[in-house]
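Below is the file upload24.txt, which contains compact mmCIF, C-alpha atoms.
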# COMPACT_ATOMS: atom_id res chain seq x y z
CA MET A 9 -74.93 -6.41 37.33
CA SER A 10 -74.95 -10.12 38.00
CA GLY A 11 -76.52 -11.78 40.97
CA PRO A 12 -74.88 -14.21 43.37
CA GLY A 13 -73.46 -17.48 42.11
CA LEU A 14 -75.88 -20.39 42.28
CA TRP A 15 -73.62 -23.15 41.13
CA GLN A 16 -69.96 -23.53 40.17
CA ASP A 17 -68.11 -26.49 38.78
CA THR A 18 -65.30 -27.57 36.44
CA ILE A 19 -65.58 -29.35 33.10
CA GLN A 20 -62.61 -31.65 32.79
CA PRO A 21 -60.40 -31.70 29.66
CA GLY A 22 -61.98 -33.54 26.74
CA SER A 23 -65.28 -33.90 28.56
CA SER A 24 -68.82 -32.78 27.91
CA TRP A 25 -71.54 -31.42 30.13
CA SER A 26 -75.16 -30.49 29.63
CA LEU A 27 -77.27 -28.19 31.72
CA ILE A 28 -80.61 -26.40 31.68
CA LEU A 29 -80.03 -22.64 31.79
CA ARG A 30 -83.29 -20.83 32.39
CA ARG A 31 -84.24 -17.41 31.06
CA GLY A 32 -82.97 -14.86 33.56
CA ARG A 33 -79.84 -16.81 34.45
CA GLU A 34 -76.37 -16.52 33.03
CA LEU A 35 -73.45 -18.84 32.47
CA ARG A 36 -69.90 -17.64 32.94
CA ILE A 37 -67.22 -19.87 31.42
CA GLU A 38 -63.58 -19.38 32.41
CA ASP A 39 -60.53 -20.68 30.57
CA VAL A 40 -58.49 -21.78 33.58
CA GLU A 41 -55.13 -22.56 31.96
CA GLY A 42 -55.40 -20.72 28.61
CA ALA A 43 -55.81 -22.19 25.11
CA ALA A 44 -59.10 -23.88 26.00
CA ASN A 45 -61.78 -24.61 23.44
CA VAL A 46 -65.41 -25.02 24.42
CA ALA A 47 -67.67 -26.36 21.69
CA ALA A 48 -71.23 -25.34 22.55
CA ILE A 49 -74.69 -26.00 21.13
CA PHE A 50 -77.96 -24.54 22.35
CA TYR A 51 -81.58 -25.68 22.11
CA ASN A 52 -84.89 -24.21 23.25
CA PHE A 53 -85.42 -26.58 26.18
CA ASP A 54 -89.21 -26.22 25.92
CA CYS A 55 -89.23 -27.11 22.20
CA PRO A 56 -85.83 -28.49 21.11
CA VAL A 57 -86.66 -28.45 17.39
CA GLU A 58 -85.84 -24.74 17.81
CA ARG A 59 -82.07 -24.57 18.12
CA TYR A 60 -78.96 -22.46 17.58
CA ASN A 61 -78.59 -21.46 13.95
CA MET A 62 -75.13 -20.49 12.79
CA PRO A 63 -76.10 -18.74 9.52
CA ASP A 64 -78.92 -16.73 11.13
CA THR A 65 -76.54 -15.64 13.89
CA LEU A 66 -73.87 -14.55 11.42
CA LYS A 67 -76.03 -12.79 8.85
CA ALA A 68 -78.26 -10.93 11.33
CA GLN A 69 -75.13 -9.34 12.80
CA HIS A 70 -72.91 -9.31 9.69
CA THR A 71 -70.20 -11.12 11.58
CA ALA A 72 -68.04 -14.23 11.31
CA HIS A 73 -66.89 -14.07 14.93
CA LEU A 74 -68.61 -13.59 18.29
CA THR A 75 -67.77 -11.39 21.27
CA ARG A 76 -69.44 -9.02 23.78
CA GLY A 77 -72.52 -7.33 22.34
CA PHE A 78 -73.39 -10.17 19.95
CA VAL A 79 -76.25 -12.61 20.47
CA LEU A 80 -76.90 -16.21 19.42
CA TYR A 81 -80.01 -16.67 17.29
CA SER A 82 -82.26 -19.69 17.01
CA ASP A 83 -83.68 -20.73 13.64
CA MET A 84 -86.98 -19.08 14.67
CA GLY A 85 -85.88 -15.44 14.79
CA ARG A 86 -85.43 -15.45 18.54
CA ILE A 87 -82.39 -14.85 20.75
CA LEU A 88 -81.24 -17.89 22.69
CA CYS A 89 -78.56 -16.06 24.66
CA SER A 90 -76.54 -12.85 24.66
CA ILE A 91 -72.80 -12.39 25.17
CA THR A 92 -72.82 -9.80 27.95
CA GLU A 93 -69.18 -10.03 29.02
CA ASP A 94 -66.08 -11.26 27.22
CA SER A 95 -62.40 -10.72 27.99
CA CYS A 96 -61.26 -12.84 25.06
CA GLY A 97 -62.55 -10.85 22.07
CA TRP A 98 -63.08 -13.60 19.50
CA HIS A 99 -65.03 -16.85 19.54
CA ASP A 100 -65.25 -19.02 16.42
CA PRO A 101 -68.66 -19.95 14.97
CA LEU A 102 -67.42 -21.49 11.70
CA CYS A 103 -65.50 -24.70 12.28
CA GLY A 104 -67.71 -27.31 13.92
CA HIS A 105 -66.06 -30.08 15.91
CA ASN A 106 -63.95 -33.24 15.55
CA ASP A 107 -65.30 -36.77 15.37
CA ALA A 108 -63.65 -40.00 16.51
CA ALA A 109 -61.82 -40.57 13.21
CA ALA A 110 -60.41 -37.03 13.22
CA VAL A 111 -59.18 -37.33 16.80
CA ARG A 112 -57.64 -40.74 16.05
CA ALA A 113 -55.93 -39.44 12.90
CA LYS A 114 -54.53 -36.41 14.66
CA TYR A 115 -53.63 -37.70 18.11
CA GLY A 116 -53.49 -41.49 17.78
CA SER A 117 -55.59 -44.16 19.38
CA SER A 118 -56.17 -44.32 23.10
CA SER A 119 -58.93 -46.54 24.39
CA TYR A 120 -60.71 -46.53 27.71
CA GLN A 121 -59.40 -50.08 28.29
CA SER A 122 -55.79 -48.89 28.06
CA ALA A 123 -55.97 -45.37 29.44
CA ARG A 124 -59.10 -45.37 31.62
CA ASN A 125 -60.47 -41.83 31.95
CA GLY A 126 -57.41 -40.35 30.31
CA TRP A 127 -58.45 -41.86 26.95
CA HIS A 128 -58.87 -39.74 23.84
CA ARG A 129 -62.48 -38.61 23.71
CA ASN A 130 -63.98 -36.67 20.85
CA PRO A 131 -66.61 -33.90 20.75
CA ARG A 132 -68.88 -35.70 18.26
CA ASP A 133 -69.38 -38.77 20.44
CA ASN A 134 -69.63 -36.58 23.55
CA PHE A 135 -72.33 -34.44 21.90
CA LEU A 136 -74.27 -37.51 20.80
CA THR A 137 -74.07 -38.93 24.31
CA GLU A 138 -75.40 -35.77 25.92
CA LEU A 139 -78.07 -35.26 23.22
CA GLY A 140 -79.23 -38.83 23.79
CA LYS A 141 -80.03 -37.97 27.40
CA TYR A 142 -82.76 -35.63 26.13
CA GLY A 143 -84.10 -37.87 23.39
CA LEU A 144 -82.11 -36.00 20.71
CA GLY A 145 -79.54 -37.38 18.28
CA LEU A 146 -77.49 -37.01 15.11
CA ARG A 147 -80.27 -35.21 13.22
CA ASP A 148 -80.31 -32.53 15.92
CA LEU A 149 -76.58 -31.87 15.90
CA THR A 150 -75.98 -28.52 14.23
CA ALA A 151 -73.01 -26.22 13.71
CA ASN A 152 -71.64 -25.30 17.14
CA VAL A 153 -69.82 -22.29 18.57
CA ASN A 154 -66.18 -22.77 19.60
CA PHE A 155 -65.65 -20.46 22.54
CA PHE A 156 -62.08 -19.20 23.18
CA SER A 157 -60.88 -20.17 19.66
CA LYS A 158 -60.08 -17.81 16.78
CA VAL A 159 -60.03 -18.61 13.08
CA VAL A 160 -59.43 -15.81 10.58
CA VAL A 161 -60.45 -15.94 6.93
CA GLY A 162 -58.17 -14.52 4.23
CA ASP A 163 -59.29 -12.67 1.12
CA ASP A 164 -59.08 -15.94 -0.82
CA GLY A 165 -61.34 -17.68 1.70
CA SER A 166 -58.54 -19.61 3.40
CA MET A 167 -58.97 -20.32 7.11
CA GLU A 168 -56.21 -19.92 9.67
CA PHE A 169 -56.26 -20.91 13.35
CA VAL A 170 -54.79 -18.19 15.58
CA PRO A 171 -52.96 -19.70 18.58
CA ARG A 172 -52.93 -18.07 22.02
CA ASN A 173 -56.27 -16.34 21.45
CA SER A 174 -57.28 -17.11 25.03
CA LEU A 175 -54.99 -16.57 28.00
CA PRO A 176 -55.34 -18.10 31.48
CA GLY A 177 -58.31 -16.59 33.29
CA GLU A 178 -60.16 -15.29 30.22
CA SER A 179 -63.91 -15.61 30.51
CA VAL A 180 -67.14 -15.19 28.58
CA THR A 181 -70.64 -14.68 30.00
CA LEU A 182 -73.80 -15.87 28.27
CA ARG A 183 -77.16 -14.51 29.44
CA ALA A 184 -80.04 -16.88 28.69
CA GLU A 185 -82.92 -15.12 26.91
CA MET A 186 -84.91 -18.38 26.64
CA ASN A 187 -84.99 -21.62 28.63
CA LEU A 188 -81.96 -23.39 27.19
CA LEU A 189 -80.55 -26.84 26.92
CA VAL A 190 -76.81 -26.11 26.74
CA ILE A 191 -74.30 -28.77 25.74
CA LEU A 192 -70.61 -28.00 26.22
CA ASP A 193 -67.50 -29.96 25.27
CA THR A 194 -63.88 -29.16 26.01
CA GLY A 195 -62.31 -31.12 23.13
CA GLN A 196 -59.71 -29.43 20.95
CA HIS A 197 -60.68 -27.21 18.02
CA PRO A 198 -60.71 -28.93 14.59
CA LEU A 199 -58.00 -26.58 13.26
CA ASP A 200 -55.84 -26.53 16.41
CA PRO A 201 -52.35 -27.24 15.04
CA ASN A 202 -51.12 -28.68 18.34
CA PRO A 203 -50.12 -32.28 17.46
CA LEU A 204 -50.63 -33.47 21.05
CA TYR A 205 -53.92 -34.50 22.61
CA SER A 206 -54.09 -31.72 25.17
CA PRO A 207 -57.62 -30.46 25.84
CA LYS A 208 -57.99 -27.96 28.67
CA PRO A 209 -60.39 -27.71 31.60
CA VAL A 210 -62.82 -24.82 32.06
CA ARG A 211 -64.67 -23.56 35.13
CA PHE A 212 -68.26 -22.47 34.87
CA ALA A 213 -70.64 -20.60 37.14
CA VAL A 214 -74.41 -20.21 36.89
CA ARG A 215 -75.77 -16.95 38.29
CA GLU A 216 -78.95 -14.89 38.35
CA SER A 217 -78.80 -12.17 35.73
CA ALA A 218 -80.28 -8.69 35.95
CA PRO A 219 -83.38 -8.01 33.82
CA VAL A 220 -82.58 -6.91 30.27
CA ALA A 221 -82.66 -3.11 30.43
CA PRO A 222 -84.09 -0.92 27.65
CA ASP A 223 -80.55 0.32 26.97
CA ASP A 224 -78.95 -3.15 27.16
CA LEU A 225 -75.78 -3.39 25.10
CA CYS A 226 -76.85 -6.52 23.20
CA ARG A 227 -80.36 -5.17 22.56
CA LEU A 228 -79.02 -1.94 21.06
CA SER A 229 -75.87 -3.24 19.35
CA ARG A 230 -77.78 -3.60 16.08
CA PRO A 231 -81.36 -2.83 14.96
CA GLU A 232 -81.63 -6.53 14.07
CA ASN A 233 -81.00 -7.44 17.70
CA THR A 234 -83.62 -4.96 18.92
CA ARG A 235 -86.13 -6.83 16.74
CA GLY A 236 -84.74 -10.18 17.91
CA PHE A 237 -85.43 -9.18 21.52
CA ILE A 238 -88.99 -8.14 20.55
CA ASN A 239 -89.59 -11.59 19.01
CA THR A 240 -88.13 -13.29 22.09
CA GLU A 241 -90.13 -11.22 24.58
CA ARG A 242 -93.36 -11.94 22.67
CA TYR A 243 -92.64 -15.66 22.97
CA PHE A 244 -92.87 -15.35 26.76
CA LEU A 245 -96.03 -13.17 26.95
CA MET B 8 -63.61 -21.24 -13.90
CA VAL B 9 -63.98 -24.74 -15.26
CA GLU B 10 -66.52 -25.57 -17.94
CA GLY B 11 -68.44 -28.84 -18.15
CA LEU B 12 -68.32 -31.10 -21.17
CA LEU B 13 -71.86 -32.42 -21.28
CA SER B 14 -74.56 -31.33 -23.71
CA PRO B 15 -78.13 -30.74 -22.48
CA GLU B 16 -79.45 -33.07 -25.21
CA SER B 17 -77.94 -36.09 -23.44
CA ALA B 18 -79.33 -35.24 -19.98
CA VAL B 19 -81.72 -37.77 -18.41
CA TYR B 20 -83.43 -34.98 -16.45
CA ASN B 21 -83.91 -31.38 -17.55
CA GLU B 22 -86.35 -29.13 -15.71
CA ILE B 23 -86.90 -25.50 -14.77
CA ILE B 24 -87.43 -24.46 -11.15
CA PRO B 25 -89.55 -21.28 -11.30
CA ALA B 26 -88.58 -18.32 -9.15
CA GLY B 27 -89.44 -18.85 -5.49
CA GLU B 28 -90.28 -22.56 -5.73
CA GLY B 29 -88.87 -25.61 -3.98
CA TRP B 30 -87.59 -28.81 -5.60
CA ILE B 31 -86.53 -32.26 -4.35
CA HIS B 32 -85.02 -35.10 -6.37
CA ARG B 33 -82.83 -38.15 -6.00
CA ILE B 34 -79.41 -38.21 -7.68
CA ASP B 35 -77.58 -41.55 -7.94
CA ALA B 36 -73.88 -42.06 -7.27
CA GLY B 37 -71.91 -41.25 -10.41
CA GLN B 38 -74.58 -39.02 -11.95
CA ILE B 39 -73.68 -35.46 -12.86
CA PHE B 40 -75.91 -32.66 -11.51
CA ARG B 41 -75.86 -29.18 -13.06
CA ILE B 42 -77.67 -26.05 -11.87
CA VAL B 43 -77.88 -23.17 -14.35
CA ASP B 44 -78.45 -19.56 -13.26
CA LEU B 45 -80.54 -18.76 -16.35
CA GLU B 46 -80.91 -15.02 -15.92
CA GLY B 47 -78.06 -14.26 -13.50
CA ASN B 48 -77.69 -13.23 -9.83
CA GLN B 49 -80.07 -15.91 -8.53
CA ALA B 50 -79.32 -17.53 -5.16
CA VAL B 51 -80.06 -21.27 -5.17
CA ASP B 52 -80.31 -22.61 -1.61
CA THR B 53 -79.31 -26.27 -1.69
CA LEU B 54 -79.17 -29.19 0.77
CA PHE B 55 -78.08 -32.80 0.26
CA TYR B 56 -78.92 -35.99 2.19
CA ASN B 57 -77.70 -39.56 1.94
CA ALA B 58 -80.61 -41.21 0.11
CA GLU B 59 -80.26 -44.41 2.17
CA ASP B 60 -80.01 -42.72 5.59
CA THR B 61 -81.06 -39.09 5.76
CA SER B 62 -79.45 -38.54 9.17
CA GLU B 63 -76.27 -38.25 7.11
CA ARG B 64 -76.40 -34.89 5.34
CA TYR B 65 -74.38 -32.07 3.86
CA SER B 66 -72.37 -30.29 6.54
CA ALA B 67 -71.15 -26.74 5.92
CA THR B 68 -68.68 -26.85 8.80
CA ASP B 69 -67.16 -30.21 7.84
CA THR B 70 -66.89 -29.10 4.20
CA ILE B 71 -65.06 -25.83 4.88
CA VAL B 72 -62.79 -27.36 7.53
CA ALA B 73 -61.85 -30.25 5.21
CA GLN B 74 -60.67 -27.84 2.50
CA ARG B 75 -59.67 -25.06 4.93
CA ASN B 76 -61.51 -22.55 2.81
CA ILE B 77 -64.99 -21.04 3.16
CA TYR B 78 -65.74 -20.73 -0.57
CA LEU B 79 -67.04 -23.58 -2.71
CA THR B 80 -65.85 -23.98 -6.31
CA THR B 81 -64.40 -26.56 -8.73
CA GLY B 82 -62.58 -29.24 -6.74
CA THR B 83 -64.57 -28.70 -3.56
CA VAL B 84 -65.76 -31.96 -2.03
CA LEU B 85 -69.11 -31.49 -0.32
CA MET B 86 -68.71 -33.39 2.94
CA SER B 87 -71.38 -35.01 5.08
CA ASN B 88 -71.74 -34.67 8.85
CA LEU B 89 -69.99 -38.07 8.99
CA ARG B 90 -67.10 -36.50 7.06
CA ARG B 91 -67.72 -38.57 3.94
CA PRO B 92 -67.71 -37.15 0.39
CA MET B 93 -71.25 -36.62 -0.88
CA LEU B 94 -70.60 -34.77 -4.14
CA THR B 95 -67.62 -33.17 -5.87
CA ILE B 96 -67.87 -29.89 -7.78
CA VAL B 97 -66.46 -30.76 -11.22
CA ALA B 98 -67.31 -27.60 -13.18
CA ASP B 99 -68.09 -24.04 -12.16
CA THR B 100 -68.36 -21.05 -14.49
CA CYS B 101 -69.29 -18.69 -11.63
CA GLY B 102 -66.18 -19.15 -9.47
CA ARG B 103 -67.42 -18.87 -5.92
CA HIS B 104 -70.38 -20.10 -3.90
CA ASP B 105 -71.36 -19.46 -0.27
CA THR B 106 -72.14 -21.86 2.55
CA LEU B 107 -72.24 -19.51 5.58
CA GLY B 108 -75.21 -17.28 4.75
CA GLY B 109 -77.86 -19.97 5.21
CA ALA B 110 -81.42 -19.79 3.91
CA CYS B 111 -83.87 -16.97 4.45
CA ALA B 112 -86.83 -17.67 6.72
CA THR B 113 -89.96 -15.72 7.54
CA GLU B 114 -88.65 -15.43 11.11
CA SER B 115 -85.12 -14.32 10.18
CA ASN B 116 -86.62 -11.80 7.75
CA GLN B 117 -88.42 -10.26 10.74
CA VAL B 118 -85.10 -9.86 12.51
CA ARG B 119 -83.12 -8.67 9.52
CA TYR B 120 -85.60 -6.29 7.89
CA ALA B 121 -88.79 -5.58 9.86
CA ILE B 122 -91.19 -7.41 12.18
CA GLU B 123 -93.91 -6.80 9.56
CA LYS B 124 -92.04 -8.81 6.87
CA ARG B 125 -93.20 -12.19 8.17
CA HIS B 126 -95.72 -12.67 5.35
CA MET B 127 -93.02 -12.60 2.66
CA HIS B 128 -92.19 -15.92 1.03
CA ALA B 129 -88.89 -17.43 2.22
CA CYS B 130 -86.57 -20.35 1.48
CA ARG B 131 -87.18 -22.34 4.62
CA ASN B 132 -90.92 -22.41 3.85
CA SER B 133 -90.01 -23.85 0.43
CA PHE B 134 -87.72 -26.39 2.10
CA LEU B 135 -90.53 -27.48 4.45
CA MET B 136 -92.95 -27.87 1.54
CA ALA B 137 -90.37 -29.82 -0.49
CA ILE B 138 -89.85 -32.34 2.33
CA ALA B 139 -93.49 -32.51 3.45
CA ASP B 140 -94.10 -35.92 1.83
CA PRO B 141 -93.16 -38.48 4.53
CA LYS B 142 -91.48 -40.67 1.92
CA TRP B 143 -88.40 -38.43 2.10
CA ASP B 144 -87.91 -39.11 5.83
CA LEU B 145 -87.05 -35.46 6.49
CA THR B 146 -88.46 -32.89 8.95
CA LYS B 147 -87.50 -29.41 10.14
CA ARG B 148 -84.74 -30.78 12.37
CA ASP B 149 -82.99 -32.00 9.21
CA ILE B 150 -82.80 -28.52 7.66
CA THR B 151 -79.24 -27.49 8.37
CA ALA B 152 -76.81 -24.85 7.13
CA ASN B 153 -77.12 -25.02 3.34
CA ILE B 154 -75.17 -24.08 0.25
CA ASN B 155 -76.03 -20.83 -1.51
CA LEU B 156 -75.08 -21.42 -5.11
CA PHE B 157 -74.23 -18.24 -7.04
CA MET B 158 -74.16 -16.16 -3.85
CA ASN B 159 -71.22 -13.98 -2.83
CA VAL B 160 -70.76 -13.69 0.94
CA PRO B 161 -67.18 -12.68 1.72
CA VAL B 162 -65.67 -12.79 5.22
CA THR B 163 -63.07 -10.13 6.00
CA PRO B 164 -59.85 -10.80 7.97
CA GLU B 165 -61.42 -8.68 10.75
CA GLY B 166 -64.22 -11.25 11.03
CA ARG B 167 -67.01 -9.36 9.31
CA LEU B 168 -69.51 -11.15 7.10
CA THR B 169 -70.61 -9.07 4.13
CA PHE B 170 -73.23 -9.62 1.46
CA GLU B 171 -71.77 -8.41 -1.80
CA ASP B 172 -73.37 -8.04 -5.19
CA GLY B 173 -73.53 -11.33 -7.01
CA ILE B 174 -70.71 -12.43 -9.25
CA SER B 175 -72.99 -14.65 -11.31
CA ASN B 176 -74.32 -13.77 -14.75
CA PRO B 177 -76.91 -15.26 -17.10
CA MET B 178 -76.19 -18.92 -17.98
CA LYS B 179 -73.47 -19.35 -15.35
CA TYR B 180 -73.61 -22.86 -13.95
CA VAL B 181 -72.13 -25.23 -11.40
CA GLU B 182 -71.83 -28.97 -11.94
CA MET B 183 -71.19 -31.73 -9.42
CA ARG B 184 -70.68 -35.48 -9.45
CA ALA B 185 -72.55 -37.49 -6.83
CA GLU B 186 -70.18 -39.67 -4.77
CA MET B 187 -73.09 -41.45 -3.07
CA ASP B 188 -76.83 -41.75 -3.71
CA VAL B 189 -78.21 -38.43 -2.52
CA VAL B 190 -81.48 -36.54 -2.20
CA ALA B 191 -81.08 -32.90 -3.28
CA VAL B 192 -83.42 -30.25 -1.87
CA ILE B 193 -83.47 -26.80 -3.48
CA SER B 194 -85.20 -23.55 -2.72
CA ASN B 195 -84.96 -21.16 -5.64
CA CYS B 196 -84.65 -18.16 -3.34
CA PRO B 197 -87.63 -15.71 -3.25
CA GLN B 198 -85.82 -13.04 -1.17
CA LEU B 199 -86.81 -9.48 -2.17
CA ASN B 200 -85.20 -7.61 0.72
CA ASN B 201 -81.54 -7.78 -0.30
CA PRO B 202 -79.45 -7.99 -3.48
CA CYS B 203 -78.86 -11.77 -3.33
CA ASN B 204 -81.29 -12.14 -6.27
CA GLY B 205 -80.76 -8.67 -7.71
CA TYR B 206 -84.20 -7.82 -6.17
CA ASP B 207 -85.74 -9.90 -8.97
CA PRO B 208 -85.92 -13.68 -8.36
CA THR B 209 -85.69 -15.64 -11.62
CA PRO B 210 -85.94 -19.31 -12.72
CA VAL B 211 -83.05 -21.77 -12.72
CA GLN B 212 -82.51 -24.96 -14.69
CA VAL B 213 -81.51 -28.33 -13.23
CA LEU B 214 -80.04 -31.12 -15.35
CA ILE B 215 -78.88 -34.64 -14.51
CA TRP B 216 -76.69 -36.90 -16.65
CA ASN B 217 -76.03 -40.58 -16.08
CA ALA B 218 -72.53 -41.64 -15.11
CA PRO B 219 -70.29 -41.71 -18.19
CA PRO B 220 -69.45 -45.29 -19.29
CA GLY B 221 -66.34 -46.57 -17.57
CA SER B 222 -66.53 -43.98 -14.80
CA SER B 223 -66.21 -44.98 -11.18
CA GLY B 224 -69.83 -44.19 -10.40
CA ALA B 225 -71.73 -46.93 -8.60
Translate this file's structure into structure tokens.
Amino acid sequence: MSGPGLWQDTIQPGSSWSLILRRGRELRIEDVEGAANVAAIFYNFDCPVERYNMPDTLKAQHTAHLTRGFVLYSDMGRILCSITEDSCGWHDPLCGHNDAAAVRAKYGSSSYQSARNGWHRNPRDNFLTELGKYGLGLRDLTANVNFFSKVVVGDDGSMEFVPRNSLPGESVTLRAEMNLLVILDTGQHPLDPNPLYSPKPVRFAVRESAPVAPDDLCRLSRPENTRGFINTERYFL
Amino acid sequence: MVEGLLSPESAVYNEIIPAGEGWIHRIDAGQIFRIVDLEGNQAVDTLFYNAEDTSERYSATDTIVAQRNIYLTTGTVLMSNLRRPMLTIVADTCGRHDTLGGACATESNQVRYAIEKRHMHACRNSFLMAIADPKWDLTKRDITANINLFMNVPVTPEGRLTFEDGISNPMKYVEMRAEMDVVAVISNCPQLNNPCNGYDPTPVQVLIWNAPPGSSGA
């Protein structure tokens, strides 16, 4: 069971946010209006050269999507965070994020000078801005997770965005297994077919999480994850 | 399946990468780069960097989103993290290559197989040795999601990632044209714990040809 809320806030549409999420805390993200996308990257806050690794996450769990029971691996064989709750059922780890040129090509130009804070922002520049606040940059930007978005792969390898994957009020909860630098961005998914610039807001809450029990769902969901938890626990001895 | 037209005799570079070893080399814009799976079923973990600014590098996500397909084969443009073409696959006698499975590491081997497997040689150790000379301007933070040439990693419509037996055979090869000056980093995969190398890592051959006269290469 989760502890009391420590902190709640909203990330505005098309905006980014970074926070330190310590081991033993959890982050609940809620899609307020439906059809949100939250691009997320994760670093070991104590040693940021250890960071989320998309291939290690996929191949350890033989999956190309993320939901409750799955964990996010670093490149060092440790678990950054676990997905302990999820009403949505599918989060995309494959598709990365848009840059300024992609947003301009898809949605047209809109500068700060003309549109003030309603201008068209893009996840790439937002990520670089937040990374810069911690002394990190382009070399540190890796493949991100896109929470609330679904992309299915056909037998021929083709990729298809599935609209309406996330309905209003859907939420996902990430339990930090290490001290994390988390960077979130609410820009639209790269394969979102919506021709309009229409990113959505999300609410988040930081809470205390219960200790990871011996029979924890994420620990036991695969033998790989049991070993991943052993590696992670040894890191904190 | 598209075959290349070049003969090994005219290559300006022709070397063997022994099983389990790393390799790093510059390839100029316009040059043709071929990797040959000499004995079959050998995963070749490959990364590319802009030779002039290594913060620009091969990006798996940008490449698969640009072509809306997760498999790499003839016609695939390998895109950088700045969404610029780095190389184009111009010939491929294997038919499908992976870019989601990443490179094996001593740490990920612990997770995937057993905590006691940490001593076994792994690709990311070969990558780190290949880039150890400071002249390449690369460190661990530059090692990103790579290409696995000759590896077969299908994704199902239900969102499962599966490691299937290789579809490569002896002398299958893939050939690409550099669209910018790049540094290529290869780990000839030493993995013994799964069928990606048929449980028997073997050597591969790398060849480079100069840009054909009159081509658009720089």
_Close residues, B:Leu45 itself excluded, 12 Å, all atoms listed in the file, min 4 positions apart in chain, as a list in words_ =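 In the requested format, the answer is Glu22, Ile23, Ile24, Pro25, Ala26, Arg41, Gln49, Ala50, Val51, Phe157, Ser175, Asn176, Pro177, Met178, Lys179, Tyr180, Val181, Asn195, Pro208, Thr209, Pro210, Val211, Gln212 and Val213 of chain B.
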*Mind listing as number ranges by chain which residues of chain A are within 6 Å of chain B, counting all atoms listed in the file?*
A: 57, 63, 68, 70-73, 84-85, 103-104, 147-148, 160-162, 165-167, 232, 235-236
Set the distance at 7 Å and use all atoms listed in the file: which residues neighbour A:Ile91 once local chain neighbours fewer than 2 positions away are removed? I'd like the list as a PDB file with C-alpha atoms, keeping the file's coordinate frame.
ATOM      1  CA  THR A  75     -67.770 -11.390  21.270  1.00  0.00           C
ATOM      2  CA  ARG A  76     -69.440  -9.020  23.780  1.00  0.00           C
ATOM      3  CA  GLY A  77     -72.520  -7.330  22.340  1.00  0.00           C
ATOM      4  CA  PHE A  78     -73.390 -10.170  19.950  1.00  0.00           C
ATOM      5  CA  VAL A  79     -76.250 -12.610  20.470  1.00  0.00           C
ATOM      6  CA  CYS A  89     -78.560 -16.060  24.660  1.00  0.00           C
ATOM      7  CA  GLU A  93     -69.180 -10.030  29.020  1.00  0.00           C
ATOM      8  CA  THR A 181     -70.640 -14.680  30.000  1.00  0.00           C
ATOM      9  CA  LEU A 182     -73.800 -15.870  28.270  1.00  0.00           C
ATOM     10  CA  ARG A 183     -77.160 -14.510  29.440  1.00  0.00           C
TER      11      ARG A 183
END
Write out as a ChimeraX atom specification which residues come within 8 Å of B:Gly205 when counting all atoms listed in the file, dropping same-chain ones fewer than 3 positions away. /B:48-49,172-173,201-202,208
File dump, residues just selected, C-alpha atoms, as a tab-separated table (two decimals), in the coordinates of the input:
chain	number	residue	atom	x	y	z
B	48	ASN	CA	-77.69	-13.23	-9.83
B	49	GLN	CA	-80.07	-15.91	-8.53
B	172	ASP	CA	-73.37	-8.04	-5.19
B	173	GLY	CA	-73.53	-11.33	-7.01
B	201	ASN	CA	-81.54	-7.78	-0.30
B	202	PRO	CA	-79.45	-7.99	-3.48
B	208	PRO	CA	-85.92	-13.68	-8.36
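The coordinates place atom CA of A:Ser24 at 16.1 Å from atom CA of A:Pro198.
If you measure from each of A:Gln69, A:Thr150, A:Asn106, A:Ser206 to A:Arg227 using all atoms listed in the file, the closest one turns out to be A:Gln69.
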If you count only C-alpha atoms, the residue of A:Cys55, A:Ala184, A:Ile19, A:Val159 closest to A:Leu74 turns out to be A:Val159
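Pairwise distance (atom CA of B:Leu135, atom CA of B:Ser87) equals 20.6 Å.
Between atom CA of A:Asp164 and atom CA of B:Asp99 lies a distance of 16.6 Å.
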Kindly provide, as a list in words, the polymer residues lying within 8 Å of (-73.7, -39.8, -12.2), counting only C-alpha atoms and using the coordinates exactly as they appear in the file.
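Output of the proximity query reads Ile34, Asp35, Ala36, Gly37, Gln38, Ile39, Phe40, Arg184, Ala185, Ile215, Trp216, Asn217, Ala218, Pro219 and Gly224 of chain B.
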Notebook entry, point to check: Is there a way to get, as an MDAnalysis selection string, all residues within 6 Å of the point (-86.4, -17.6, 30.6) in file coordinates, counting all atoms listed in the file?
Noted result: chainID A and resid 30:32 185:187
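Within the 12 Å cut-off around A:Asn134, using all atoms listed in the file and omitting residues fewer than 3 positions from it on the same chain, the listed residues are Gly22, Ser23, Ser24, Trp25, Ser26, Ala47, Ala48, Ile49, His105, Asn106, Asp107, Ala108, His128, Arg129, Asn130, Pro131, Thr137, Glu138, Leu139, Gly140, Lys141, Gly145, Leu146, Leu149, Ile191, Leu192, Asp193, Thr194 and Gly195 of chain A.
The smallest atom-to-atom distance between A:Leu27 and any of A:Leu245, A:Leu188, A:Ala113, A:Val180, using all atoms listed in the file, is found for A:Leu188.
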Checklist entry - Leaving out B:Glu28 and any residue of its chain fewer than 6 positions from it, which residues lie within 9 Å of it when counting only C-alpha atoms, given as a ChimeraX atom specification? => result /B:130,133,137,193-197,210
